[in-house]
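Dumped structure_20.pdb below, it's PDB, C-alpha atoms:
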```
ATOM      1  CA  MET A   1       0.000   0.000   0.000
ATOM      2  CA  LYS A   2       1.050   3.559  -0.593
ATOM      3  CA  SER A   3       2.269   5.860   2.097
ATOM      4  CA  ALA A   4       0.432   9.174   2.325
ATOM      5  CA  HIS A   5       2.144  12.476   1.784
ATOM      6  CA  SER A   6       0.586  15.704   3.025
ATOM      7  CA  THR A   7      -1.050  16.260  -0.369
ATOM      8  CA  GLN A   8      -2.644  12.840  -0.837
ATOM      9  CA  ILE A   9      -6.291  12.276   0.028
ATOM     10  CA  PHE A  10      -7.805   8.809   0.149
ATOM     11  CA  VAL A  11     -11.348   7.449   0.043
ATOM     12  CA  LEU A  12     -12.307   4.545   2.302
ATOM     13  CA  GLU A  13     -13.868   1.705   0.302
ATOM     14  CA  VAL A  14     -15.385  -1.236   2.168
ATOM     15  CA  GLY A  15     -14.546  -4.551   0.493
ATOM     16  CA  TYR A  16     -18.132  -5.774   0.770
ATOM     17  CA  ASP A  17     -17.624  -8.525  -1.841
ATOM     18  CA  ASN A  18     -15.089 -10.237   0.429
ATOM     19  CA  CYS A  19     -16.457  -9.763   3.932
ATOM     20  CA  LYS A  20     -19.668 -10.082   5.878
ATOM     21  CA  THR A  21     -22.017  -7.082   5.702
ATOM     22  CA  PHE A  22     -24.980  -6.389   7.942
ATOM     23  CA  VAL A  23     -28.508  -5.023   8.125
ATOM     24  CA  PRO A  24     -30.441  -3.818  11.176
ATOM     25  CA  LYS A  25     -32.575  -6.671  12.569
ATOM     26  CA  ASP A  26     -35.745  -4.611  12.798
ATOM     27  CA  GLY A  27     -35.497  -3.403   9.185
ATOM     28  CA  MET A  28     -34.804   0.205  10.160
ATOM     29  CA  THR A  29     -32.746   2.435   7.899
ATOM     30  CA  ILE A  30     -29.811   4.326   9.371
ATOM     31  CA  ARG A  31     -29.035   7.432   7.328
ATOM     32  CA  CYS A  32     -25.552   8.859   7.796
ATOM     33  CA  LYS A  33     -25.552  12.221   6.040
ATOM     34  CA  GLY A  34     -22.784  14.113   7.820
ATOM     35  CA  ILE A  35     -24.706  14.983  10.993
ATOM     36  CA  PRO A  36     -25.106  13.194  14.341
ATOM     37  CA  ILE A  37     -28.135  10.925  14.604
ATOM     38  CA  GLU A  38     -30.164   9.988  17.634
ATOM     39  CA  ILE A  39     -30.693   6.266  17.856
ATOM     40  CA  GLU A  40     -31.195   3.773  20.670
ATOM     41  CA  GLN A  41     -28.032   1.734  21.227
ATOM     42  CA  PRO A  42     -26.908  -0.930  20.804
ATOM     43  CA  VAL A  43     -28.533  -1.491  17.413
ATOM     44  CA  ALA A  44     -29.225  -5.184  16.826
ATOM     45  CA  ILE A  45     -27.863  -6.289  13.455
ATOM     46  CA  GLU A  46     -27.672  -9.497  11.468
ATOM     47  CA  PRO A  47     -25.666 -10.586   8.430
ATOM     48  CA  ASP A  48     -27.040  -9.567   5.062
ATOM     49  CA  GLU A  49     -28.455 -12.756   3.523
ATOM     50  CA  GLU A  50     -26.132 -12.394   0.512
ATOM     51  CA  ASP A  51     -23.049 -12.660   2.756
ATOM     52  CA  THR A  52     -23.466 -16.291   3.766
ATOM     53  CA  GLY A  53     -20.058 -17.807   4.412
ATOM     54  CA  LEU A  54     -18.046 -14.594   4.075
ATOM     55  CA  PRO A  55     -15.613 -13.772   6.909
ATOM     56  CA  LEU A  56     -16.134 -11.103   9.563
ATOM     57  CA  CYS A  57     -13.579  -8.360   8.826
ATOM     58  CA  ASP A  58     -12.211  -5.387  10.773
ATOM     59  CA  VAL A  59     -14.187  -3.059   8.481
ATOM     60  CA  SER A  60     -17.660  -3.832   7.182
ATOM     61  CA  LEU A  61     -20.869  -2.179   6.030
ATOM     62  CA  VAL A  62     -24.433  -1.598   7.239
ATOM     63  CA  ASN A  63     -25.415   1.154   4.820
ATOM     64  CA  THR A  64     -23.946   3.538   2.272
ATOM     65  CA  GLY A  65     -22.390   6.630   3.770
ATOM     66  CA  SER A  66     -20.986   4.905   6.841
ATOM     67  CA  PHE A  67     -18.782   1.992   7.745
ATOM     68  CA  VAL A  68     -18.604  -0.540  10.565
ATOM     69  CA  VAL A  69     -15.501  -1.394  12.581
ATOM     70  CA  SER A  70     -14.659  -4.243  14.913
ATOM     71  CA  ASN A  71     -14.436  -3.473  18.615
ATOM     72  CA  ASP A  72     -10.619  -3.734  18.465
ATOM     73  CA  LEU A  73     -10.390  -1.256  15.577
ATOM     74  CA  TYR A  74     -12.846   1.040  17.411
ATOM     75  CA  GLU A  75     -10.520   1.085  20.449
ATOM     76  CA  TYR A  76      -7.608   1.958  18.153
ATOM     77  CA  LEU A  77      -9.458   4.693  16.211
ATOM     78  CA  LYS A  78     -11.379   6.376  19.027
ATOM     79  CA  PRO A  79      -8.486   8.527  20.328
ATOM     80  CA  LEU A  80      -7.353   9.363  16.767
ATOM     81  CA  VAL A  81     -10.533  10.672  15.136
ATOM     82  CA  GLY A  82     -11.387  13.564  17.459
ATOM     83  CA  ASP A  83     -14.950  14.698  16.945
ATOM     84  CA  THR A  84     -15.069  13.680  13.258
ATOM     85  CA  VAL A  85     -17.011  10.459  13.915
ATOM     86  CA  GLN A  86     -20.105   9.527  15.925
ATOM     87  CA  PHE A  87     -19.680   5.909  17.042
ATOM     88  CA  ILE A  88     -22.932   3.944  17.285
ATOM     89  CA  GLU A  89     -22.791   0.619  19.088
ATOM     90  CA  LEU A  90     -23.946  -2.429  17.124
ATOM     91  CA  LYS A  91     -24.611  -5.919  18.448
ATOM     92  CA  TRP A  92     -24.613  -9.158  16.470
ATOM     93  CA  ASP A  93     -25.121 -12.152  18.765
ATOM     94  CA  SER A  94     -22.235 -11.707  21.228
ATOM     95  CA  VAL A  95     -20.124  -9.606  18.837
ATOM     96  CA  ARG A  96     -19.807  -5.890  19.565
ATOM     97  CA  MET A  97     -19.119  -3.621  16.572
ATOM     98  CA  TRP A  98     -19.388   0.092  15.887
ATOM     99  CA  LEU A  99     -21.053   1.997  13.087
ATOM    100  CA  CYS A 100     -18.936   5.025  12.171
ATOM    101  CA  ASN A 101     -21.085   7.999  11.269
ATOM    102  CA  VAL A 102     -18.704  10.610   9.839
ATOM    103  CA  ILE A 103     -20.045  13.978  10.999
ATOM    104  CA  THR A 104     -17.364  16.340   9.701
ATOM    105  CA  VAL A 105     -18.401  17.933   6.407
ATOM    106  CA  VAL A 106     -15.731  20.077   4.788
ATOM    107  CA  ASP A 107     -15.922  22.559   1.907
ATOM    108  CA  CYS A 108     -12.664  21.458   0.289
ATOM    109  CA  LEU A 109     -13.671  20.348  -3.209
ATOM    110  CA  ASP A 110     -11.973  22.244  -6.039
ATOM    111  CA  GLN A 111     -15.111  22.981  -8.060
ATOM    112  CA  GLN A 112     -13.178  24.067 -11.149
ATOM    113  CA  LYS A 113     -11.049  20.924 -11.412
ATOM    114  CA  SER A 114     -13.503  18.290 -10.153
ATOM    115  CA  GLU A 115     -15.603  16.366 -12.628
ATOM    116  CA  MET A 116     -19.321  16.232 -11.882
ATOM    117  CA  ASN A 117     -21.649  13.470 -13.097
ATOM    118  CA  PRO A 118     -24.939  14.103 -14.944
ATOM    119  CA  PHE A 119     -26.895  13.609 -11.696
ATOM    120  CA  GLY A 120     -25.166  16.501  -9.912
ATOM    121  CA  GLY A 121     -22.782  14.343  -7.912
ATOM    122  CA  VAL A 122     -19.016  14.039  -8.096
ATOM    123  CA  ALA A 123     -17.569  11.749 -10.757
ATOM    124  CA  GLU A 124     -13.959  12.646  -9.929
ATOM    125  CA  ALA A 125     -13.155  14.657  -6.834
ATOM    126  CA  VAL A 126     -10.216  17.060  -6.845
ATOM    127  CA  PHE A 127      -9.479  18.573  -3.442
ATOM    128  CA  ASP A 128      -7.965  21.865  -2.357
ATOM    129  CA  VAL A 129      -5.532  20.251   0.058
ATOM    130  CA  SER A 130      -5.180  23.476   2.072
ATOM    131  CA  LYS A 131      -8.797  22.998   3.227
ATOM    132  CA  VAL A 132      -8.561  19.290   4.126
ATOM    133  CA  PRO A 133      -8.681  18.565   7.882
ATOM    134  CA  GLY A 134      -5.482  17.385   9.540
ATOM    135  CA  GLN A 135      -7.073  14.500  11.445
ATOM    136  CA  GLY A 136      -9.924  12.030  11.251
ATOM    137  CA  PHE A 137     -12.459  11.372   8.536
ATOM    138  CA  PHE A 138     -14.558  13.808   6.532
ATOM    139  CA  LYS A 139     -17.334  14.045   3.949
ATOM    140  CA  ILE A 140     -18.262  16.556   1.284
ATOM    141  CA  LYS A 141     -21.774  17.740   0.465
ATOM    142  CA  GLU A 142     -21.173  17.478  -3.294
ATOM    143  CA  ASP A 143     -21.368  13.662  -3.267
ATOM    144  CA  ASN A 144     -24.547  13.531  -1.162
ATOM    145  CA  TYR A 145     -22.450  12.814   1.935
ATOM    146  CA  THR A 146     -21.770   9.217   0.825
ATOM    147  CA  GLY A 147     -17.997   9.267   0.247
ATOM    148  CA  ILE A 148     -15.786   8.769   3.281
ATOM    149  CA  TYR A 149     -12.506  10.620   2.955
ATOM    150  CA  LEU A 150      -9.418  10.245   5.143
ATOM    151  CA  SER A 151      -7.091  12.899   6.438
ATOM    152  CA  PRO A 152      -3.444  12.005   5.821
ATOM    153  CA  ALA A 153      -3.004  11.270   9.558
ATOM    154  CA  ILE A 154      -5.886   8.785   9.773
ATOM    155  CA  TYR A 155      -4.765   7.133   6.535
ATOM    156  CA  GLU A 156      -1.301   6.552   8.043
ATOM    157  CA  ALA A 157      -2.875   5.190  11.242
ATOM    158  CA  LEU A 158      -5.041   2.747   9.282
ATOM    159  CA  ILE A 159      -2.101   1.599   7.155
ATOM    160  CA  ALA A 160      -0.197   0.883  10.381
ATOM    161  CA  TYR A 161      -3.135  -1.140  11.776
ATOM    162  CA  GLU A 162      -3.616  -3.118   8.525
ATOM    163  CA  PRO A 163      -7.378  -3.691   8.876
ATOM    164  CA  SER A 164      -9.106  -6.400   6.854
ATOM    165  CA  GLY A 165     -12.121  -5.617   4.685
ATOM    166  CA  VAL A 166     -11.078  -2.170   3.453
ATOM    167  CA  GLU A 167      -9.317  -0.589   0.507
ATOM    168  CA  PHE A 168      -8.095   2.956   0.022
ATOM    169  CA  GLU A 169      -8.562   4.743  -3.282
ATOM    170  CA  GLU A 170      -6.429   7.794  -3.971
ATOM    171  CA  ALA A 171      -8.344  10.970  -4.799
ATOM    172  CA  ALA A 172      -6.916  13.875  -6.779
ATOM    173  CA  PHE A 173      -5.695  17.061  -5.089
ATOM    174  CA  THR A 174      -4.542  20.558  -5.983
TER     175      THR A 174
END
```
Could you show the structure in this file as structure tokens?
Amino acid sequence: MKSAHSTQIFVLEVGYDNCKTFVPKDGMTIRCKGIPIEIEQPVAIEPDEEDTGLPLCDVSLVNTGSFVVSNDLYEYLKPLVGDTVQFIELKWDSVRMWLCNVITVVDCLDQQKSEMNPFGGVAEAVFDVSKVPGQGFFKIKEDNYTGIYLSPAIYEALIAYEPSGVEFEEAAFT
């Protein structure tokens, strides 16, 4: 994997084809749109029926716009993310996991250099690196708050941890 330099921005991509993903047991929808949510915890979850036989990874998925981490990865990340993430406790049988609701939304997209798709979203994000936060995770409003971007510091911390179930895609920067 690449090492981040101060000008590199990465997107967190859950490897949902290769690890177990989950849905809330009661059928509720959890919308993570860059703001804190009020929800009774822990949220009971169960494996998505399509994930039969896939392994439980350090990073997983419940819904678009968020990601799930194992309890061990939660303990590692909690002191590193500041107030950029709302952690929501999840429970699957006796397994404790955490939904990561990224609540930091930053105006750091270079509008002139980014490529927009026909639906008004971002096809290729180009960031003004001077506006990117120094720690934690962040989102941008231009992609409907679904992309999860990493500060260089949190990218380096995740590379050091080597979590399973996640990939990092490099985004462009100015």
Inset, instruction - May I have the residues within 9 Å of Val166 of chain A as a PyMOL selection string, using all atoms listed in the file and disregarding those fewer than 2 positions away in the same chain? - result: chain A and resi 12-16+57-60+163-164+168
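Candidate residues A:Lys139, A:Lys33, A:Lys25, A:Lys113 were compared for distance to Asp93 of chain A, and the nearest is A:Lys25, using all atoms listed in the file.
Residues with any atom within 10 Å of the point (-28.2, -1.1, 8.5), counting only C-alpha atoms, are A:Thr21, A:Phe22, A:Val23, A:Pro24, A:Lys25, A:Asp26, A:Gly27, A:Met28, A:Thr29, A:Ile30, A:Arg31, A:Val43, A:Ala44, A:Ile45, A:Glu46, A:Pro47, A:Asp48, A:Leu61, A:Val62, A:Asn63, A:Thr64, A:Ser66, A:Phe67, A:Val68, A:Leu90, A:Leu99.
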Inset, instruction - Would you list the contacts of Pro36 of chain A as a list in words, taking every protein, DNA or RNA residue within 12 Å and counting only C-alpha atoms, but skipping same-chain residues closer than 6 positions in sequence? - result: Ile30, Ser66, Asp83, Thr84, Val85, Gln86, Phe87, Ile88, Leu99, Cys100, Asn101, Val102, Ile103, Thr104 and Val105 of chain A
Legend entry - Of the listed residues A:Trp92, A:Gln41, A:Glu142, A:Val11, that which approaches Glu115 of chain A most closely, counting only C-alpha atoms: A:Glu142
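The spacing separating atom CA of Val129 of chain A from atom CA of Glu167 of chain A amounts to 21.2 Å.
Restricting the calculation to all atoms listed in the file, the smallest distance between Phe138 of chain A and any of A:Ala123, A:Met116, A:Leu109, A:Leu150 is found for A:Leu150.
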Target residues per the PyMOL selection byres ((chain A and resi 97) around 7), formatted as an mmCIF file with C-alpha atoms, in the coordinates of the input:
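Written file, selection_39.cif:
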```cif
data_model
loop_
_atom_site.group_PDB
_atom_site.id
_atom_site.type_symbol
_atom_site.label_atom_id
_atom_site.label_comp_id
_atom_site.auth_asym_id
_atom_site.auth_seq_id
_atom_site.Cartn_x
_atom_site.Cartn_y
_atom_site.Cartn_z
ATOM 1 C CA VAL A 68 -18.604 -0.540 10.565
ATOM 2 C CA VAL A 69 -15.501 -1.394 12.581
ATOM 3 C CA SER A 70 -14.659 -4.243 14.913
ATOM 4 C CA ASN A 71 -14.436 -3.473 18.615
ATOM 5 C CA GLU A 89 -22.791 0.619 19.088
ATOM 6 C CA LEU A 90 -23.946 -2.429 17.124
ATOM 7 C CA LYS A 91 -24.611 -5.919 18.448
ATOM 8 C CA VAL A 95 -20.124 -9.606 18.837
ATOM 9 C CA ARG A 96 -19.807 -5.890 19.565
ATOM 10 C CA TRP A 98 -19.388 0.092 15.887
ATOM 11 C CA LEU A 99 -21.053 1.997 13.087
#
```
Size and centre in Å, one decimal, axis-aligned box, all listed segment 58-70 of chain A atoms plus 6 Å per side, as JSON:
```
{"center_x": -18.8, "center_y": 0.6, "center_z": 8.6, "size_x": 25.2, "size_y": 24.0, "size_z": 24.6}
```
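Atom CA of Leu77 of chain A lies 24.1 Å from atom CA of Phe127 of chain A.
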Could you model N, CA and C atoms for segment 73-102 of chain A and present them as a PDB file, in the coordinates of the input?
```pdb
ATOM      1  N   LEU A  73     -10.720  -2.413  16.408  1.00  0.00           N
ATOM      2  CA  LEU A  73     -10.390  -1.256  15.577  1.00  0.00           C
ATOM      3  C   LEU A  73     -11.016   0.016  16.151  1.00  0.00           C
ATOM      4  N   TYR A  74     -12.210  -0.099  16.733  1.00  0.00           N
ATOM      5  CA  TYR A  74     -12.846   1.040  17.411  1.00  0.00           C
ATOM      6  C   TYR A  74     -11.934   1.578  18.518  1.00  0.00           C
ATOM      7  N   GLU A  75     -11.400   0.677  19.351  1.00  0.00           N
ATOM      8  CA  GLU A  75     -10.520   1.085  20.449  1.00  0.00           C
ATOM      9  C   GLU A  75      -9.272   1.792  19.910  1.00  0.00           C
ATOM     10  N   TYR A  76      -8.779   1.348  18.780  1.00  0.00           N
ATOM     11  CA  TYR A  76      -7.608   1.958  18.153  1.00  0.00           C
ATOM     12  C   TYR A  76      -7.938   3.342  17.575  1.00  0.00           C
ATOM     13  N   LEU A  77      -9.092   3.454  16.898  1.00  0.00           N
ATOM     14  CA  LEU A  77      -9.458   4.693  16.211  1.00  0.00           C
ATOM     15  C   LEU A  77      -9.975   5.790  17.135  1.00  0.00           C
ATOM     16  N   LYS A  78     -10.686   5.398  18.184  1.00  0.00           N
ATOM     17  CA  LYS A  78     -11.379   6.376  19.027  1.00  0.00           C
ATOM     18  C   LYS A  78     -10.505   7.565  19.445  1.00  0.00           C
ATOM     19  N   PRO A  79      -9.288   7.359  19.940  1.00  0.00           N
ATOM     20  CA  PRO A  79      -8.486   8.527  20.328  1.00  0.00           C
ATOM     21  C   PRO A  79      -7.903   9.300  19.139  1.00  0.00           C
ATOM     22  N   LEU A  80      -7.985   8.745  17.933  1.00  0.00           N
ATOM     23  CA  LEU A  80      -7.353   9.363  16.767  1.00  0.00           C
ATOM     24  C   LEU A  80      -8.292  10.226  15.927  1.00  0.00           C
ATOM     25  N   VAL A  81      -9.600  10.018  16.058  1.00  0.00           N
ATOM     26  CA  VAL A  81     -10.533  10.672  15.136  1.00  0.00           C
ATOM     27  C   VAL A  81     -11.114  11.978  15.655  1.00  0.00           C
ATOM     28  N   GLY A  82     -10.827  12.328  16.908  1.00  0.00           N
ATOM     29  CA  GLY A  82     -11.387  13.564  17.459  1.00  0.00           C
ATOM     30  C   GLY A  82     -12.905  13.530  17.413  1.00  0.00           C
ATOM     31  N   ASP A  83     -13.490  14.649  17.016  1.00  0.00           N
ATOM     32  CA  ASP A  83     -14.950  14.698  16.945  1.00  0.00           C
ATOM     33  C   ASP A  83     -15.449  14.547  15.509  1.00  0.00           C
ATOM     34  N   THR A  84     -14.672  13.849  14.661  1.00  0.00           N
ATOM     35  CA  THR A  84     -15.069  13.680  13.258  1.00  0.00           C
ATOM     36  C   THR A  84     -16.036  12.521  13.044  1.00  0.00           C
ATOM     37  N   VAL A  85     -16.177  11.652  14.047  1.00  0.00           N
ATOM     38  CA  VAL A  85     -17.011  10.459  13.915  1.00  0.00           C
ATOM     39  C   VAL A  85     -17.924  10.310  15.134  1.00  0.00           C
ATOM     40  N   GLN A  86     -19.184   9.965  14.875  1.00  0.00           N
ATOM     41  CA  GLN A  86     -20.105   9.527  15.925  1.00  0.00           C
ATOM     42  C   GLN A  86     -20.091   7.995  15.883  1.00  0.00           C
ATOM     43  N   PHE A  87     -19.691   7.367  16.972  1.00  0.00           N
ATOM     44  CA  PHE A  87     -19.680   5.909  17.042  1.00  0.00           C
ATOM     45  C   PHE A  87     -21.014   5.426  17.587  1.00  0.00           C
ATOM     46  N   ILE A  88     -21.640   4.503  16.881  1.00  0.00           N
ATOM     47  CA  ILE A  88     -22.932   3.944  17.285  1.00  0.00           C
ATOM     48  C   ILE A  88     -22.729   2.449  17.519  1.00  0.00           C
ATOM     49  N   GLU A  89     -23.024   2.017  18.730  1.00  0.00           N
ATOM     50  CA  GLU A  89     -22.791   0.619  19.088  1.00  0.00           C
ATOM     51  C   GLU A  89     -23.755  -0.306  18.352  1.00  0.00           C
ATOM     52  N   LEU A  90     -23.186  -1.393  17.812  1.00  0.00           N
ATOM     53  CA  LEU A  90     -23.946  -2.429  17.124  1.00  0.00           C
ATOM     54  C   LEU A  90     -23.734  -3.746  17.852  1.00  0.00           C
ATOM     55  N   LYS A  91     -24.716  -4.618  17.777  1.00  0.00           N
ATOM     56  CA  LYS A  91     -24.611  -5.919  18.448  1.00  0.00           C
ATOM     57  C   LYS A  91     -25.112  -7.010  17.506  1.00  0.00           C
ATOM     58  N   TRP A  92     -24.249  -7.975  17.256  1.00  0.00           N
ATOM     59  CA  TRP A  92     -24.613  -9.158  16.470  1.00  0.00           C
ATOM     60  C   TRP A  92     -24.279 -10.369  17.329  1.00  0.00           C
ATOM     61  N   ASP A  93     -25.305 -11.074  17.796  1.00  0.00           N
ATOM     62  CA  ASP A  93     -25.121 -12.152  18.765  1.00  0.00           C
ATOM     63  C   ASP A  93     -24.266 -11.623  19.912  1.00  0.00           C
ATOM     64  N   SER A  94     -23.088 -12.199  20.137  1.00  0.00           N
ATOM     65  CA  SER A  94     -22.235 -11.707  21.228  1.00  0.00           C
ATOM     66  C   SER A  94     -21.128 -10.783  20.719  1.00  0.00           C
ATOM     67  N   VAL A  95     -21.163 -10.440  19.436  1.00  0.00           N
ATOM     68  CA  VAL A  95     -20.124  -9.606  18.837  1.00  0.00           C
ATOM     69  C   VAL A  95     -20.518  -8.126  18.926  1.00  0.00           C
ATOM     70  N   ARG A  96     -19.602  -7.334  19.453  1.00  0.00           N
ATOM     71  CA  ARG A  96     -19.807  -5.890  19.565  1.00  0.00           C
ATOM     72  C   ARG A  96     -19.027  -5.210  18.436  1.00  0.00           C
ATOM     73  N   MET A  97     -19.728  -4.379  17.665  1.00  0.00           N
ATOM     74  CA  MET A  97     -19.119  -3.621  16.572  1.00  0.00           C
ATOM     75  C   MET A  97     -19.601  -2.181  16.678  1.00  0.00           C
ATOM     76  N   TRP A  98     -19.052  -1.326  15.836  1.00  0.00           N
ATOM     77  CA  TRP A  98     -19.388   0.092  15.887  1.00  0.00           C
ATOM     78  C   TRP A  98     -19.627   0.643  14.496  1.00  0.00           C
ATOM     79  N   LEU A  99     -20.775   1.270  14.308  1.00  0.00           N
ATOM     80  CA  LEU A  99     -21.053   1.997  13.087  1.00  0.00           C
ATOM     81  C   LEU A  99     -20.362   3.354  13.208  1.00  0.00           C
ATOM     82  N   CYS A 100     -19.635   3.743  12.183  1.00  0.00           N
ATOM     83  CA  CYS A 100     -18.936   5.025  12.171  1.00  0.00           C
ATOM     84  C   CYS A 100     -19.703   6.002  11.299  1.00  0.00           C
ATOM     85  N   ASN A 101     -20.354   6.943  11.952  1.00  0.00           N
ATOM     86  CA  ASN A 101     -21.085   7.999  11.269  1.00  0.00           C
ATOM     87  C   ASN A 101     -20.159   9.217  11.195  1.00  0.00           C
ATOM     88  N   VAL A 102     -19.619   9.482  10.020  1.00  0.00           N
ATOM     89  CA  VAL A 102     -18.704  10.610   9.839  1.00  0.00           C
ATOM     90  C   VAL A 102     -19.525  11.895   9.842  1.00  0.00           C
TER      91      VAL A 102
END
```
